[in-house]
Structures are given as C-alpha cells and as structure tokens.
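Q: Input structure: start.json, which contains JSON, N, CA and C atoms.
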[["chain", "number", "residue", "atom", "x", "y", "z"],
["A", 1, "LYS", "N", -2.35, 10.74, 1.13],
["A", 1, "LYS", "CA", -2.19, 10.64, -0.32],
["A", 1, "LYS", "C", -2.12, 9.17, -0.76],
["A", 2, "ILE", "N", -1.44, 8.36, 0.01],
["A", 2, "ILE", "CA", -1.33, 6.94, -0.33],
["A", 2, "ILE", "C", -2.70, 6.28, -0.24],
["A", 3, "ARG", "N", -3.42, 6.58, 0.84],
["A", 3, "ARG", "CA", -4.77, 6.03, 0.99],
["A", 3, "ARG", "C", -5.65, 6.45, -0.19],
["A", 4, "ASP", "N", -5.60, 7.72, -0.55],
["A", 4, "ASP", "CA", -6.42, 8.22, -1.65],
["A", 4, "ASP", "C", -6.06, 7.55, -2.97],
["A", 5, "ALA", "N", -4.78, 7.27, -3.17],
["A", 5, "ALA", "CA", -4.35, 6.61, -4.41],
["A", 5, "ALA", "C", -4.92, 5.20, -4.50],
["A", 6, "PHE", "N", -4.86, 4.46, -3.41],
["A", 6, "PHE", "CA", -5.43, 3.11, -3.41],
["A", 6, "PHE", "C", -6.96, 3.16, -3.57],
["A", 7, "LYS", "N", -7.61, 4.09, -2.88],
["A", 7, "LYS", "CA", -9.06, 4.22, -2.98],
["A", 7, "LYS", "C", -9.49, 4.55, -4.41],
["A", 8, "ALA", "N", -8.74, 5.43, -5.05],
["A", 8, "ALA", "CA", -9.06, 5.83, -6.43],
["A", 8, "ALA", "C", -9.02, 4.64, -7.38],
["A", 9, "LYS", "N", -8.23, 3.64, -7.06],
["A", 9, "LYS", "CA", -8.13, 2.45, -7.90],
["A", 9, "LYS", "C", -9.09, 1.36, -7.45],
["A", 10, "GLY", "N", -9.91, 1.65, -6.44],
["A", 10, "GLY", "CA", -10.94, 0.71, -6.01],
["A", 10, "GLY", "C", -10.51, -0.30, -4.97],
["A", 11, "TYR", "N", -9.35, -0.12, -4.37],
["A", 11, "TYR", "CA", -8.88, -1.06, -3.36],
["A", 11, "TYR", "C", -9.66, -0.88, -2.06],
["A", 12, "GLN", "N", -9.89, -1.98, -1.36],
["A", 12, "GLN", "CA", -10.50, -1.97, -0.04],
["A", 12, "GLN", "C", -9.38, -1.94, 1.01],
["A", 13, "PHE", "N", -9.75, -1.63, 2.24],
["A", 13, "PHE", "CA", -8.78, -1.54, 3.32],
["A", 13, "PHE", "C", -9.18, -2.45, 4.48],
["A", 14, "LEU", "N", -8.19, -2.98, 5.16],
["A", 14, "LEU", "CA", -8.44, -3.83, 6.32],
["A", 14, "LEU", "C", -9.09, -3.01, 7.43],
["A", 15, "VAL", "N", -8.59, -1.80, 7.65],
["A", 15, "VAL", "CA", -9.14, -0.86, 8.63],
["A", 15, "VAL", "C", -9.09, 0.54, 8.04],
["A", 16, "ASP", "N", -9.94, 1.41, 8.55],
["A", 16, "ASP", "CA", -9.91, 2.81, 8.13],
["A", 16, "ASP", "C", -8.94, 3.54, 9.05],
["A", 17, "SER", "N", -7.74, 3.76, 8.58],
["A", 17, "SER", "CA", -6.69, 4.34, 9.40],
["A", 17, "SER", "C", -6.47, 5.81, 9.03],
["A", 18, "PRO", "N", -6.66, 6.72, 9.99],
["A", 18, "PRO", "CA", -6.42, 8.14, 9.73],
["A", 18, "PRO", "C", -4.96, 8.54, 9.94],
["A", 19, "SER", "N", -4.10, 7.56, 10.14],
["A", 19, "SER", "CA", -2.70, 7.84, 10.48],
["A", 19, "SER", "C", -1.78, 7.67, 9.28],
["A", 20, "ASN", "N", -0.50, 7.66, 9.57],
["A", 20, "ASN", "CA", 0.53, 7.46, 8.55],
["A", 20, "ASN", "C", 0.67, 5.99, 8.16],
["A", 21, "GLN", "N", -0.16, 5.13, 8.72],
["A", 21, "GLN", "CA", -0.16, 3.71, 8.39],
["A", 21, "GLN", "C", -1.42, 3.38, 7.60],
["A", 22, "GLN", "N", -1.26, 2.77, 6.44],
["A", 22, "GLN", "CA", -2.40, 2.41, 5.60],
["A", 22, "GLN", "C", -2.35, 0.91, 5.33],
["A", 23, "PHE", "N", -3.53, 0.28, 5.31],
["A", 23, "PHE", "CA", -3.62, -1.17, 5.23],
["A", 23, "PHE", "C", -4.49, -1.63, 4.06],
["A", 24, "PRO", "N", -4.03, -1.40, 2.83],
["A", 24, "PRO", "CA", -4.82, -1.84, 1.69],
["A", 24, "PRO", "C", -4.81, -3.36, 1.54],
["A", 25, "ILE", "N", -5.87, -3.88, 0.96],
["A", 25, "ILE", "CA", -5.95, -5.30, 0.62],
["A", 25, "ILE", "C", -5.63, -5.40, -0.85],
["A", 26, "VAL", "N", -4.55, -6.11, -1.15],
["A", 26, "VAL", "CA", -4.00, -6.12, -2.51],
["A", 26, "VAL", "C", -3.83, -7.57, -2.97],
["A", 27, "ASP", "N", -4.08, -7.80, -4.25],
["A", 27, "ASP", "CA", -3.87, -9.14, -4.77],
["A", 27, "ASP", "C", -2.38, -9.46, -4.75],
["A", 28, "ASN", "N", -2.07, -10.71, -4.53],
["A", 28, "ASN", "CA", -0.69, -11.14, -4.32],
["A", 28, "ASN", "C", 0.21, -10.89, -5.53],
["A", 29, "ALA", "N", -0.32, -11.00, -6.72],
["A", 29, "ALA", "CA", 0.49, -10.74, -7.92],
["A", 29, "ALA", "C", 0.93, -9.27, -7.96],
["A", 30, "THR", "N", 0.05, -8.37, -7.59],
["A", 30, "THR", "CA", 0.40, -6.95, -7.55],
["A", 30, "THR", "C", 1.42, -6.68, -6.46],
["A", 31, "LEU", "N", 1.25, -7.31, -5.32],
["A", 31, "LEU", "CA", 2.22, -7.14, -4.24],
["A", 31, "LEU", "C", 3.61, -7.57, -4.67],
["A", 32, "GLU", "N", 3.67, -8.64, -5.43],
["A", 32, "GLU", "CA", 4.96, -9.12, -5.92],
["A", 32, "GLU", "C", 5.63, -8.05, -6.79],
["A", 33, "ARG", "N", 4.85, -7.41, -7.64],
["A", 33, "ARG", "CA", 5.40, -6.33, -8.48],
["A", 33, "ARG", "C", 5.85, -5.14, -7.63],
["A", 34, "LEU", "N", 5.03, -4.75, -6.66],
["A", 34, "LEU", "CA", 5.38, -3.61, -5.81],
["A", 34, "LEU", "C", 6.61, -3.88, -4.96],
["A", 35, "SER", "N", 6.83, -5.13, -4.60],
["A", 35, "SER", "CA", 7.94, -5.46, -3.70],
["A", 35, "SER", "C", 9.31, -5.21, -4.33],
["A", 36, "SER", "N", 9.37, -5.10, -5.64],
["A", 36, "SER", "CA", 10.67, -4.84, -6.27],
["A", 36, "SER", "C", 11.14, -3.40, -6.04],
["A", 37, "ASP", "N", 10.20, -2.49, -5.72],
["A", 37, "ASP", "CA", 10.57, -1.08, -5.55],
["A", 37, "ASP", "C", 10.19, -0.49, -4.19],
["A", 38, "PHE", "N", 9.32, -1.16, -3.44],
["A", 38, "PHE", "CA", 8.79, -0.57, -2.21],
["A", 38, "PHE", "C", 8.80, -1.59, -1.07],
["A", 39, "LEU", "N", 8.92, -1.07, 0.14],
["A", 39, "LEU", "CA", 8.83, -1.92, 1.33],
["A", 39, "LEU", "C", 7.45, -1.78, 1.93],
["A", 40, "TYR", "N", 6.91, -2.88, 2.35],
["A", 40, "TYR", "CA", 5.63, -2.90, 3.06],
["A", 40, "TYR", "C", 5.68, -4.09, 4.00],
["A", 41, "SER", "N", 4.79, -4.10, 4.98],
["A", 41, "SER", "CA", 4.71, -5.22, 5.93],
["A", 41, "SER", "C", 3.48, -6.04, 5.61],
["A", 42, "VAL", "N", 3.65, -7.34, 5.53],
["A", 42, "VAL", "CA", 2.50, -8.22, 5.37],
["A", 42, "VAL", "C", 1.77, -8.20, 6.70],
["A", 43, "TRP", "N", 0.48, -7.89, 6.65],
["A", 43, "TRP", "CA", -0.28, -7.73, 7.88],
["A", 43, "TRP", "C", -1.22, -8.89, 8.15],
["A", 44, "GLN", "N", -2.00, -9.26, 7.11],
["A", 44, "GLN", "CA", -2.97, -10.34, 7.32],
["A", 44, "GLN", "C", -3.36, -10.94, 5.98],
["A", 45, "LYS", "N", -3.30, -12.25, 5.89],
["A", 45, "LYS", "CA", -3.76, -12.95, 4.69],
["A", 45, "LYS", "C", -5.29, -12.90, 4.70],
["A", 46, "ILE", "N", -5.87, -12.44, 3.60],
["A", 46, "ILE", "CA", -7.32, -12.31, 3.50],
["A", 46, "ILE", "C", -7.92, -13.58, 2.90],
["A", 47, "ASP", "N", -7.34, -14.03, 1.81],
["A", 47, "ASP", "CA", -7.74, -15.29, 1.19],
["A", 47, "ASP", "C", -6.54, -15.79, 0.39],
["A", 48, "GLU", "N", -6.75, -16.77, -0.42],
["A", 48, "GLU", "CA", -5.63, -17.37, -1.17],
["A", 48, "GLU", "C", -4.94, -16.37, -2.10],
["A", 49, "ASP", "N", -5.68, -15.38, -2.58],
["A", 49, "ASP", "CA", -5.14, -14.46, -3.58],
["A", 49, "ASP", "C", -4.93, -13.03, -3.11],
["A", 50, "HIS", "N", -5.34, -12.70, -1.88],
["A", 50, "HIS", "CA", -5.29, -11.32, -1.40],
["A", 50, "HIS", "C", -4.68, -11.24, 0.00],
["A", 51, "THR", "N", -3.93, -10.14, 0.21],
["A", 51, "THR", "CA", -3.27, -9.93, 1.48],
["A", 51, "THR", "C", -3.42, -8.47, 1.88],
["A", 52, "ALA", "N", -3.68, -8.25, 3.17],
["A", 52, "ALA", "CA", -3.65, -6.89, 3.70],
["A", 52, "ALA", "C", -2.21, -6.59, 4.08],
["A", 53, "VAL", "N", -1.72, -5.45, 3.62],
["A", 53, "VAL", "CA", -0.35, -5.05, 3.90],
["A", 53, "VAL", "C", -0.36, -3.67, 4.56],
["A", 54, "ARG", "N", 0.75, -3.34, 5.17],
["A", 54, "ARG", "CA", 0.89, -2.04, 5.81],
["A", 54, "ARG", "C", 1.94, -1.22, 5.08],
["A", 55, "PHE", "N", 1.52, -0.07, 4.59],
["A", 55, "PHE", "CA", 2.44, 0.94, 4.09],
["A", 55, "PHE", "C", 2.52, 2.00, 5.18],
["A", 56, "CYS", "N", 3.72, 2.39, 5.56],
["A", 56, "CYS", "CA", 3.90, 3.34, 6.65],
["A", 56, "CYS", "C", 4.92, 4.40, 6.26],
["A", 57, "THR", "N", 4.57, 5.64, 6.49],
["A", 57, "THR", "CA", 5.50, 6.74, 6.26],
["A", 57, "THR", "C", 5.91, 7.33, 7.61],
["A", 58, "SER", "N", 6.96, 8.13, 7.60],
["A", 58, "SER", "CA", 7.41, 8.80, 8.82],
["A", 58, "SER", "C", 7.91, 10.19, 8.46],
["A", 59, "TRP", "N", 8.36, 10.90, 9.46],
["A", 59, "TRP", "CA", 8.91, 12.23, 9.22],
["A", 59, "TRP", "C", 10.11, 12.16, 8.27],
["A", 60, "ALA", "N", 10.75, 11.02, 8.19],
["A", 60, "ALA", "CA", 11.95, 10.87, 7.36],
["A", 60, "ALA", "C", 11.63, 10.42, 5.93],
["A", 61, "THR", "N", 10.37, 10.12, 5.66],
["A", 61, "THR", "CA", 9.99, 9.69, 4.31],
["A", 61, "THR", "C", 10.08, 10.87, 3.36],
["A", 62, "LYS", "N", 10.82, 10.70, 2.30],
["A", 62, "LYS", "CA", 10.96, 11.77, 1.32],
["A", 62, "LYS", "C", 9.73, 11.86, 0.44],
["A", 63, "LYS", "N", 9.33, 13.09, 0.12],
["A", 63, "LYS", "CA", 8.15, 13.32, -0.71],
["A", 63, "LYS", "C", 8.28, 12.61, -2.05],
["A", 64, "GLU", "N", 9.46, 12.61, -2.62],
["A", 64, "GLU", "CA", 9.63, 11.97, -3.93],
["A", 64, "GLU", "C", 9.39, 10.46, -3.85],
["A", 65, "ASN", "N", 9.69, 9.85, -2.70],
["A", 65, "ASN", "CA", 9.42, 8.42, -2.54],
["A", 65, "ASN", "C", 7.92, 8.15, -2.46],
["A", 66, "THR", "N", 7.22, 9.00, -1.71],
["A", 66, "THR", "CA", 5.76, 8.88, -1.64],
["A", 66, "THR", "C", 5.15, 9.10, -3.01],
["A", 67, "ASP", "N", 5.62, 10.11, -3.73],
["A", 67, "ASP", "CA", 5.11, 10.40, -5.07],
["A", 67, "ASP", "C", 5.36, 9.23, -6.02],
["A", 68, "LEU", "N", 6.48, 8.57, -5.88],
["A", 68, "LEU", "CA", 6.80, 7.41, -6.72],
["A", 68, "LEU", "C", 5.83, 6.27, -6.44],
["A", 69, "LEU", "N", 5.54, 6.01, -5.17],
["A", 69, "LEU", "CA", 4.57, 4.97, -4.83],
["A", 69, "LEU", "C", 3.19, 5.31, -5.38],
["A", 70, "ILE", "N", 2.77, 6.54, -5.21],
["A", 70, "ILE", "CA", 1.47, 6.98, -5.72],
["A", 70, "ILE", "C", 1.39, 6.82, -7.23],
["A", 71, "ALA", "N", 2.45, 7.16, -7.92],
["A", 71, "ALA", "CA", 2.48, 7.01, -9.38],
["A", 71, "ALA", "C", 2.36, 5.54, -9.77],
["A", 72, "GLN", "N", 3.04, 4.67, -9.02],
["A", 72, "GLN", "CA", 2.98, 3.23, -9.30],
["A", 72, "GLN", "C", 1.58, 2.70, -9.03],
["A", 73, "ILE", "N", 0.96, 3.14, -7.95],
["A", 73, "ILE", "CA", -0.41, 2.70, -7.64],
["A", 73, "ILE", "C", -1.35, 3.11, -8.77],
["A", 74, "SER", "N", -1.18, 4.29, -9.30],
["A", 74, "SER", "CA", -2.06, 4.77, -10.37],
["A", 74, "SER", "C", -1.96, 3.93, -11.63],
["A", 75, "LYS", "N", -0.86, 3.19, -11.78],
["A", 75, "LYS", "CA", -0.68, 2.32, -12.95],
["A", 75, "LYS", "C", -1.24, 0.91, -12.75],
["A", 76, "LEU", "N", -1.68, 0.61, -11.53],
["A", 76, "LEU", "CA", -2.17, -0.74, -11.25],
["A", 76, "LEU", "C", -3.48, -1.02, -11.96]]
Please express what this file holds, its structure, as structure tokens.
A:
Amino acid sequence: KIRDAFKAKGYQFLVDSPSNQQFPIVDNATLERLSSDFLYSVWQKIDEDHTAVRFCTSWATKKENTDLLIAQISKL
C-alpha cells in the first residue's frame, strides 16, 4: 500500500522491493515535512535535492499508522 501510494504520486524508487521495505526517492523538503510525523531511514543521497529513504513496516505496525502515512503521501 505504501509503495502504491508513492507510485500514484509519481515518485521513483531506488529499487523495486516486493517486501515490507520500500525505498522511494523523495525531495528533501518533503522529507523534512514527513519527519515530523513518521520515521524513515536515510538510505542514499541521490543528488543535492533528493534522497532515497527506507520506509519499513513489521508485524507490529498498526494499520492506522500505515493509513496515516498513506493519507499524508496522497497530500504531497
């Protein structure tokens, strides 16, 4: 669902990951906004303005948290 949300907004990915780990390439200003509500790992700097990050879910991730992230992505 997270991958689909980023794809729907036109984001590219560092790798095509079929797992619970997704690696969208996001502009740094957007990452700054997302960091106030969500945790992600900085994975690789792409250029001066874009970074590949890792969003990862687990069995303990609550559906409402995933839904909140998806809703925020849809507003980007």
Q: Could you write out as AutoDock Vina command-line options the box around range 35-54 of chain A (axis-aligned, all atoms listed in the file, 6 Å on each side), with centre and edge lengths in Å to one decimal?
A:
--center_x 1.6 --center_y -8.9 --center_z 0.9 --size_x 31.1 --size_y 28.9 --size_z 26.4
Q: List every residue of chain A that DSSP, applied to the backbone of this structure, assigns to strand (DSSP E), and report them as a VMD selection string.
A: chain A and resid 21 to 22 25 to 27 41 to 45 50 to 56
Q: One decimal, Å: what's the distance from CA of Asn65 in chain A over to CA of Asp4 in chain A, could you say?
A: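 Pair CA of Asn65 in chain A / CA of Asp4 in chain A returns 15.9 Å.
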Q: Between atom N of Lys9 in chain A and CA of Ile73 in chain A, what is the distance, to one decimal in Å?
A: 7.9 Å
Q: A:Ser58, A:Thr51, A:Thr30, A:Thr66: which is nearest Leu14 in chain A, counting only C-alpha atoms?
A: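 Closest to Leu14 in chain A of all the choices is A:Thr51.
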Q: Grab the CA of Val53 in chain A to atom C of Gln22 in chain A distance for me, in Å with one decimal place.
A: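 Between CA of Val53 in chain A and atom C of Gln22 in chain A the gap is 6.4 Å.
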Q: So, with only N, CA and C atoms as the atoms that count, which of A:Ser19, A:Phe6, A:Tyr11, A:Gln72 lies closest to Thr57 in chain A?
A: A:Ser19
Q: Out of A:Ala29, A:Ala52, A:Leu39, A:Ala60, which residue has the shortest atom-to-atom distance to Phe13 in chain A when counting only N, CA and C atoms?
A: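 The shortest atom-to-atom distance to Phe13 in chain A comes from A:Ala52.
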